[in-house]
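Pasted below: my_file08.txt, compact mmCIF, C-alpha atoms.
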```
# COMPACT_ATOMS: atom_id res chain seq x y z
CA MET A 1 17.23 29.80 -7.15
CA ASN A 2 14.81 32.44 -8.42
CA THR A 3 17.23 35.40 -8.34
CA PRO A 4 16.79 37.42 -11.56
CA ASN A 5 19.65 36.73 -13.94
CA PRO A 6 20.44 39.53 -16.42
CA ARG A 7 21.63 36.98 -18.99
CA ARG A 8 18.19 35.33 -18.96
CA PRO A 9 19.54 31.87 -19.83
CA TYR A 10 17.17 29.29 -21.30
CA VAL A 11 15.83 26.96 -18.67
CA ARG A 12 14.00 23.96 -20.03
CA PRO A 13 10.53 24.00 -18.49
CA MET A 14 9.87 20.94 -16.36
CA ALA A 15 6.15 21.39 -15.71
CA GLY A 16 4.24 18.38 -16.98
CA TRP A 17 7.48 16.62 -18.03
CA TRP A 18 5.98 13.20 -17.50
CA ARG A 19 3.15 13.78 -19.99
CA ARG A 20 5.66 14.02 -22.86
CA ASN A 21 6.52 10.35 -23.02
CA PRO A 22 4.25 7.29 -22.58
CA PHE A 23 7.03 5.58 -20.58
CA PHE A 24 6.95 8.40 -18.00
CA VAL A 25 3.13 8.42 -17.97
CA GLU A 26 3.19 4.73 -17.02
CA TYR A 27 5.82 5.49 -14.36
CA MET A 28 3.61 8.17 -12.80
CA VAL A 29 0.55 5.90 -12.94
CA HIS A 30 2.32 3.04 -11.16
CA GLU A 31 3.78 5.43 -8.57
CA GLY A 32 0.26 6.86 -8.21
CA THR A 33 -1.09 3.50 -7.05
CA ALA A 34 0.43 4.45 -3.66
CA LEU A 35 -2.46 6.92 -3.19
CA PHE A 36 -4.94 4.04 -3.48
CA VAL A 37 -2.92 1.79 -1.14
CA ALA A 38 -2.99 4.64 1.40
CA ALA A 39 -6.73 5.17 0.86
CA TYR A 40 -7.43 1.48 1.55
CA ALA A 41 -5.23 1.55 4.68
CA ILE A 42 -7.29 4.53 5.91
CA VAL A 43 -10.57 2.66 5.23
CA LEU A 44 -9.24 -0.23 7.35
CA LEU A 45 -7.92 2.16 10.02
CA VAL A 46 -11.40 3.69 10.38
CA GLY A 47 -12.74 0.13 10.64
CA LEU A 48 -10.36 -0.54 13.57
CA LEU A 49 -11.64 2.59 15.34
CA ARG A 50 -15.28 1.58 14.78
CA LEU A 51 -14.56 -1.96 16.00
CA ALA A 52 -12.94 -0.56 19.16
CA GLN A 53 -16.01 1.67 19.72
CA GLY A 54 -18.45 -1.24 19.93
CA GLU A 55 -21.15 -3.07 18.04
CA ALA A 56 -23.28 -0.10 16.93
CA ALA A 57 -20.27 1.76 15.55
CA TRP A 58 -19.01 -1.38 13.77
CA ASN A 59 -22.42 -2.01 12.16
CA GLY A 60 -22.43 1.60 10.95
CA TRP A 61 -19.07 1.00 9.25
CA LEU A 62 -20.39 -2.20 7.65
CA ASP A 63 -23.47 -0.35 6.38
CA ALA A 64 -21.26 2.38 4.92
CA LEU A 65 -19.33 -0.34 3.02
CA LYS A 66 -22.62 -1.51 1.48
CA SER A 67 -23.42 1.84 -0.14
CA PRO A 68 -23.09 1.85 -3.96
CA LEU A 69 -20.55 4.68 -3.69
CA SER A 70 -18.35 2.57 -1.43
CA VAL A 71 -18.61 -0.49 -3.69
CA ALA A 72 -17.69 1.66 -6.72
CA PHE A 73 -14.76 3.14 -4.75
CA HIS A 74 -13.55 -0.34 -3.84
CA LEU A 75 -13.74 -1.41 -7.50
CA ILE A 76 -11.37 1.49 -8.28
CA LEU A 77 -9.15 0.45 -5.34
CA LEU A 78 -9.18 -3.12 -6.64
CA ALA A 79 -8.09 -2.02 -10.14
CA ALA A 80 -5.35 0.29 -8.79
CA ILE A 81 -3.94 -2.24 -6.30
CA ALA A 82 -4.08 -5.03 -8.91
CA TYR A 83 -2.08 -2.71 -11.19
CA HIS A 84 0.36 -2.16 -8.31
CA CYS A 85 0.72 -5.96 -8.04
CA TRP A 86 1.45 -6.31 -11.77
CA THR A 87 4.00 -3.45 -11.86
CA TRP A 88 5.61 -4.56 -8.57
CA PHE A 89 6.55 -7.93 -10.04
CA ARG A 90 7.31 -6.47 -13.48
CA ILE A 91 9.92 -4.14 -11.90
CA MET A 92 11.22 -6.83 -9.52
CA PRO A 93 13.89 -8.21 -11.93
CA LYS A 94 15.45 -4.71 -11.88
CA THR A 95 15.24 -4.16 -8.13
CA MET A 96 16.57 -7.50 -6.89
CA PRO A 97 20.13 -8.83 -7.17
CA PRO A 98 20.68 -11.05 -10.23
CA ILE A 99 19.99 -14.76 -9.69
CA VAL A 100 22.32 -17.09 -11.58
CA VAL A 101 21.11 -20.62 -12.29
CA ARG A 102 23.62 -23.02 -13.91
CA GLY A 103 25.79 -20.16 -15.13
CA LYS A 104 22.87 -18.33 -16.73
CA ARG A 105 21.15 -15.28 -15.39
CA LEU A 106 17.49 -15.97 -14.59
CA PRO A 107 15.47 -14.14 -17.29
CA PRO A 108 13.30 -11.20 -16.12
CA GLY A 109 10.15 -12.91 -17.39
CA ALA A 110 10.73 -15.87 -15.07
CA ILE A 111 11.04 -13.61 -12.00
CA THR A 112 7.89 -11.65 -12.93
CA GLY A 113 6.01 -14.87 -13.66
CA CYS A 114 7.06 -16.44 -10.35
CA GLY A 115 6.01 -13.33 -8.43
CA LEU A 116 2.60 -13.21 -10.08
CA ALA A 117 2.11 -16.94 -9.49
CA VAL A 118 2.98 -16.55 -5.78
CA ALA A 119 0.55 -13.61 -5.53
CA ALA A 120 -2.22 -15.69 -7.15
CA VAL A 121 -1.60 -18.58 -4.73
CA ALA A 122 -1.42 -16.25 -1.69
CA SER A 123 -4.69 -14.58 -2.73
CA LEU A 124 -6.48 -17.91 -3.19
CA VAL A 125 -5.14 -19.18 0.15
CA LEU A 126 -6.43 -15.99 1.83
CA LEU A 127 -9.86 -16.35 0.22
CA GLY A 128 -9.93 -20.03 1.17
CA LEU A 129 -9.03 -19.24 4.80
CA VAL A 130 -11.74 -16.57 5.06
CA TRP A 131 -14.24 -18.87 3.34
CA GLY A 132 -13.38 -21.71 5.73
CA MET A 133 -13.56 -19.52 8.85
CA THR A 134 -16.88 -17.87 7.97
CA ARG A 135 -18.76 -20.79 6.51
CA MET B 136 37.76 2.26 15.71
CA LYS B 137 35.53 4.09 13.29
CA PRO B 138 34.03 7.25 14.71
CA ALA B 139 30.30 7.07 15.28
CA GLY B 140 29.40 8.78 12.04
CA LYS B 141 25.94 9.80 10.89
CA ARG B 142 24.35 6.70 9.43
CA SER B 143 21.73 6.88 6.73
CA ASN B 144 18.18 6.13 7.78
CA ALA B 145 17.29 5.22 4.18
CA PRO B 146 17.44 1.41 4.67
CA ILE B 147 14.76 1.56 7.38
CA PHE B 148 12.31 3.47 5.21
CA TRP B 149 13.15 1.41 2.17
CA SER B 150 12.56 -1.84 4.07
CA LEU B 151 9.15 -0.66 5.26
CA PHE B 152 8.35 0.46 1.69
CA GLY B 153 9.44 -2.91 0.32
CA ALA B 154 7.57 -4.95 2.94
CA GLY B 155 4.37 -2.95 2.44
CA GLY B 156 4.67 -3.10 -1.34
CA MET B 157 5.18 -6.86 -1.25
CA LEU B 158 2.24 -7.41 1.11
CA ALA B 159 0.02 -5.16 -1.05
CA ALA B 160 1.12 -7.01 -4.21
CA LEU B 161 0.55 -10.47 -2.71
CA ILE B 162 -2.82 -10.02 -1.00
CA GLY B 163 -3.90 -6.38 -1.54
CA PRO B 164 -6.33 -7.00 -4.41
CA MET B 165 -7.92 -9.98 -2.64
CA LEU B 166 -8.29 -8.04 0.64
CA VAL B 167 -10.04 -5.19 -1.19
CA PHE B 168 -12.28 -7.72 -2.93
CA ILE B 169 -13.18 -9.45 0.37
CA THR B 170 -13.79 -6.39 2.59
CA GLY B 171 -15.06 -3.92 0.00
CA ILE B 172 -16.95 -6.00 -2.57
CA ALA B 173 -17.61 -9.65 -1.68
CA VAL B 174 -18.85 -9.24 1.91
CA PRO B 175 -20.87 -5.99 1.37
CA LEU B 176 -22.64 -7.55 -1.64
CA GLY B 177 -22.86 -11.06 -0.19
CA LEU B 178 -20.90 -12.56 -3.12
CA VAL B 179 -18.81 -15.74 -2.68
CA LEU B 180 -18.65 -15.17 1.09
CA PRO B 181 -21.61 -15.05 3.49
CA ALA B 182 -23.00 -11.55 4.10
CA ASP B 183 -22.37 -11.94 7.86
CA ALA B 184 -18.72 -12.88 7.31
CA MET B 185 -17.61 -9.63 8.98
CA SER B 186 -20.24 -9.59 11.76
CA TYR B 187 -19.30 -7.86 15.03
CA PRO B 188 -18.72 -11.02 17.16
CA ARG B 189 -16.61 -12.59 14.42
CA MET B 190 -14.44 -9.52 13.77
CA LEU B 191 -14.09 -8.81 17.50
CA ALA B 192 -12.85 -12.36 18.07
CA PHE B 193 -10.47 -12.01 15.10
CA ALA B 194 -9.06 -8.69 16.34
CA GLN B 195 -8.71 -10.03 19.90
CA HIS B 196 -6.68 -13.04 18.82
CA TRP B 197 -2.96 -12.31 18.59
CA ILE B 198 -2.77 -13.62 15.03
CA GLY B 199 -5.64 -11.44 13.86
CA LYS B 200 -4.28 -8.44 15.76
CA GLY B 201 -0.83 -8.88 14.24
CA PHE B 202 -2.29 -9.31 10.75
CA LEU B 203 -4.47 -6.19 10.98
CA PHE B 204 -1.59 -4.14 12.40
CA ALA B 205 0.84 -5.34 9.71
CA VAL B 206 -1.59 -4.61 6.86
CA VAL B 207 -2.55 -1.11 8.02
CA ALA B 208 0.95 -0.01 9.12
CA LEU B 209 2.93 -1.49 6.22
CA PHE B 210 0.46 -0.23 3.59
CA LEU B 211 0.81 3.27 5.08
CA TRP B 212 4.64 3.14 5.17
CA HIS B 213 4.73 1.81 1.61
CA ALA B 214 2.46 4.60 0.36
CA GLY B 215 4.20 7.31 2.41
CA HIS B 216 7.64 6.42 1.05
CA ARG B 217 6.44 6.19 -2.54
CA ILE B 218 4.49 9.47 -2.37
CA TYR B 219 7.48 11.17 -0.71
CA HIS B 220 9.72 10.28 -3.64
CA SER B 221 7.03 11.08 -6.25
CA LEU B 222 6.58 14.58 -4.84
CA HIS B 223 10.05 15.35 -6.19
CA ASP B 224 8.95 14.17 -9.65
CA ILE B 225 6.08 16.65 -9.73
CA GLY B 226 8.30 19.53 -8.60
CA ILE B 227 7.79 19.52 -4.84
CA HIS B 228 11.31 19.08 -3.58
CA ALA B 229 12.16 16.72 -0.79
CA GLY B 230 12.53 18.66 2.41
CA MET B 231 11.51 18.55 6.03
CA GLY B 232 7.91 19.48 5.16
CA ALA B 233 7.45 16.69 2.62
CA ARG B 234 9.21 14.26 4.94
CA LEU B 235 7.00 15.15 7.88
CA ALA B 236 3.82 14.97 5.80
CA CYS B 237 4.60 11.53 4.32
CA TYR B 238 6.43 9.69 7.09
CA GLY B 239 4.64 11.64 9.83
CA LEU B 240 1.21 10.56 8.59
CA ALA B 241 2.40 6.95 8.23
CA MET B 242 3.70 7.11 11.81
CA LEU B 243 0.44 8.66 13.04
CA GLY B 244 -1.58 5.89 11.34
CA THR B 245 0.71 3.25 12.86
CA VAL B 246 0.26 4.66 16.38
CA LEU B 247 -3.53 4.95 15.96
CA ALA B 248 -3.76 1.37 14.64
CA ALA B 249 -1.74 0.09 17.62
CA TRP B 250 -3.82 2.15 20.05
CA TRP B 251 -7.19 1.00 18.70
CA LEU B 252 -6.05 -2.63 18.47
CA LEU B 253 -5.01 -2.45 22.13
CA ALA B 254 -8.37 -0.80 22.98
CA ILE B 255 -10.14 -3.78 21.35
CA GLY B 256 -8.48 -5.91 24.02
CA PHE B 257 -7.33 -9.51 24.17
```
Encoded form (structure tokens):
Amino acid sequence: MNTPNPRRPYVRPMAGWWRRNPFFVEYMVHEGTALFVAAYAIVLLVGLLRLAQGEAAWNGWLDALKSPLSVAFHLILLAAIAYHCWTWFRIMPKTMPPIVVRGKRLPPGAITGCGLAVAAVASLVLLGLVWGMTR
Amino acid sequence: MKPAGKRSNAPIFWSLFGAGGMLAALIGPMLVFITGIAVPLGLVLPADAMSYPRMLAFAQHWIGKGFLFAVVALFLWHAGHRIYHSLHDIGIHAGMGARLACYGLAMLGTVLAAWWLLAIGF
């Protein structure tokens, strides 16, 4: 690939290609939410280890979660994963097979809206369950 | 009969990516809010909502164990698959190294989650 070519043909540089167009910037940002999903999974994974190690270890993990740095980090995680949620359902009309209702294709806005509504209900049910179990 | 050809493994990784992405979209923000903001600050939920006896009982119950395993493993497989494909976009071309780093770490996290959940007991 990098063999010297005496003709020295023009090769369009690709470095930073995604910064040239706002559409691509958004693409990279929504793909980038995966880093935050992974970071949260690792936080939980460490929690599982600390839980398996016993009460003192678990309380140490809980104390770490109370530090201002951790709360700030979780606010960033919350923003990134909420953005993942929004883009996930915004892209959904393009990633799923078309749904035809009474001879008309279901509009993309309806699919995105349904997805977001289901996410809102699922989140409230989860909060309600945790609230009910810990009250 | 068709010869036993080499079948693509893409659907497996895509399914894990899709399942993890859907789970993260449905409850990810609320989970982060509960474990990282509400409980540590004592907002909405009681400050002892994640106390040791309570979380131990949750992780020992098969429903809680299954939920914790699904969240950790599927989030990791979702992220691993997405990062693997984004590496190509930033000029790191998909190869064995990238594959091992992304899917290998997701697999490692899955095994560790299973191991520690089993260590927590029933």
Distance-based interface of chain A with chain B, 7 Å, counting all atoms listed in the file, as a count of residues only: 28
Which neighbours of Trp61 of chain A fall inside 8 Å, counting all atoms listed in the file, when residues of the same chain fewer than 4 positions from it are skipped, and could you give them as number ranges by chain? A: 47, 50, 57, 65
Restricting the output to C-alpha atoms, write the selected residues as a PDB file, keeping the file's coordinate frame.
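Generated file (selection18.pdb):
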```pdb
ATOM      1  CA  GLY A  47     -12.740   0.130  10.640  1.00  0.00           C
ATOM      2  CA  ARG A  50     -15.280   1.580  14.780  1.00  0.00           C
ATOM      3  CA  ALA A  57     -20.270   1.760  15.550  1.00  0.00           C
ATOM      4  CA  LEU A  65     -19.330  -0.340   3.020  1.00  0.00           C
TER       5      LEU A  65
END
```
If you measure from atom CA of Leu178 of chain B to atom CA of Leu51 of chain A, what distance in Å do you get, rounded to one decimal? 22.8 Å
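Minimum atom-to-atom distance to Thr87 of chain A, evaluated using only C-alpha atoms, belongs to A:Leu116 out of A:Met14, A:Ala64, A:Leu116, A:Val25.
Nearest residue to Tyr83 of chain A among A:Pro4, A:Gly16, A:Gly32, A:Gly103 is A:Gly32, counting all atoms listed in the file.
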Find, counting only C-alpha atoms, the residue in B:Gly201, B:Tyr238, B:Ile227, B:Leu222 that gets nearest to Phe152 of chain B. B:Tyr238
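Counting all atoms listed in the file and comparing A:Thr112, A:Val130, A:Ile42, A:Ile76, the residue that lies closest to Leu243 of chain B is A:Ile42.
In this comparison, which uses only C-alpha atoms, the residue of B:Ala236, B:Phe257, B:His228, B:Phe148 approaching Gly199 of chain B most closely is B:Phe257.
If you look at atom CA of Cys114 of chain A and atom CA of Phe89 of chain A, they are 8.5 Å away from each other.
Between atom CA of Ala205 of chain B and atom CA of Arg135 of chain A lies a distance of 25.2 Å.
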